[in-house]
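Structure record follows, encoded as structure tokens.
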Amino acid sequence: LPAGGLVCSGTMAEPKPRTFKRTCFKALEIVVFTSMGIIDQTLRVVGPFFVLFAVTLISGVIWAWFTYIMDAISEPGTLLRYFHLAIACSLIFNVAWNYFSTVFTPPGCTPEEYVQNEDMESGLVSKNDQGKYWDGFGRFCKKCRKPKPPRAHHCSICRKCVLKMDHHCPWVATCVGHRNYRTFYLFMFWLWVGCIYVMMTMGPMFLKNIHHRRGEKENGAVVFSFILAFSVSIAVGLLLSWHTYLILTAQTTIEWYNNHLYRAEAKKRGQVWLNQWDVGPITNLQMVLSTGDKPKNFLLWWLPSLLPPQGTGLTFPMRSAARSAEEVPLNPIQPSPEIGGAVDARTD
């Protein structure tokens, strides 16, 4: 057969008919891409409604706590009343500040003037594939039609490349990236603490209402608020634990999927895969939570701040540049360019 896939009959050439299998795959591809486009458009439209729904639920629990619980756990004018007021107001402020900061702070996108510097990024590029970084992700966005910084990814919902993109969150109606990841994480942290506080203070009245099964308005509000706080504490607690792990290991949700595959592939080769962005758990946590000119003040990491996060989101410290003499040398695996941070297991 000729290279073009034509069947020769004398001097005539007729196109090779498409097989049923190829037609099915083409139809499936069209359906998948069309469905993804519909989902993206839907999330783009309903995002503000998710935000309004989240604010309504949180406000409802706050209203129930101040209406029914405050007087039940403390007498007016007492030191205990002021103690609970201080804790409640602090939790409400931190939750509200970090939530709305996440919603209204752009996650960061690739600047128009961004140009990749080959000399500066020579340590990030795979030796066997100049079109990719060491972690296997491409250096050029086909949708934005421009260079893509390391750890940046294109969001089909936001329609732009997001710096250090973690994921698109419908509950904040935007992407979680370099500029708003700190407030997103702190929102989850303070919301989880707030749910625990609500359950501790509301627990006795909840058990009392359940035991007596009274049909009063107070009973319904307290039961609903307690169940909501309990459910959110589990869901947010799991998500908070996951992102704590990601921060301590210098990964995003997107990167974790790739890293998991690379680690498994390196293990098959008898090697140990190392994440080049990982410069140590404390330093990793500091780079996400610290702001301003006092990055090592641990207490300031958890408090609201008007200052932007550390760095520009275009470059990041690398393990190979920060390692000490005692660390394992990071020699890339030559046969597999994707696994740029793997070392021979015998040297580990």
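By convention here, the chains of the structure tokens are called A, B, ... in the order presented, each chain's residues are numbered starting at 1, and ligands are numbered starting at 1 in the order presented.
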Open item on the list: What's around range 279-295 of chain A at 8 Å? Count only C-alpha atoms, leave out sequence neighbours fewer than 2 positions away in its own chain, and write the answer as a VMD selection string.
Closed with: chain A and resid 181 to 182 247 to 250 276 to 277 297 to 298 300 to 302 305 307 to 310 317 to 319 322 to 323
Open item on the list: as a ChimeraX atom specification, please: every residue in range 75-239 of chain A that a backbone DSSP assignment puts in strand (DSSP E or B).
Closed with: /A:109,125-126,129-133,138,140-141,146-147,153-155,160-162,167-169,174-176
Open item on the list: Write out as a ChimeraX atom specification the set of residues from range 79-203 of chain A that DSSP, computed on the backbone, places in helix (DSSP H, G or I).
Closed with: /A:79-104,181-203
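Using only C-alpha atoms, the nearest neighbour of Thr244 in chain A within the list A:Phe93, A:Phe83, A:Phe140, A:Phe184 is A:Phe184.
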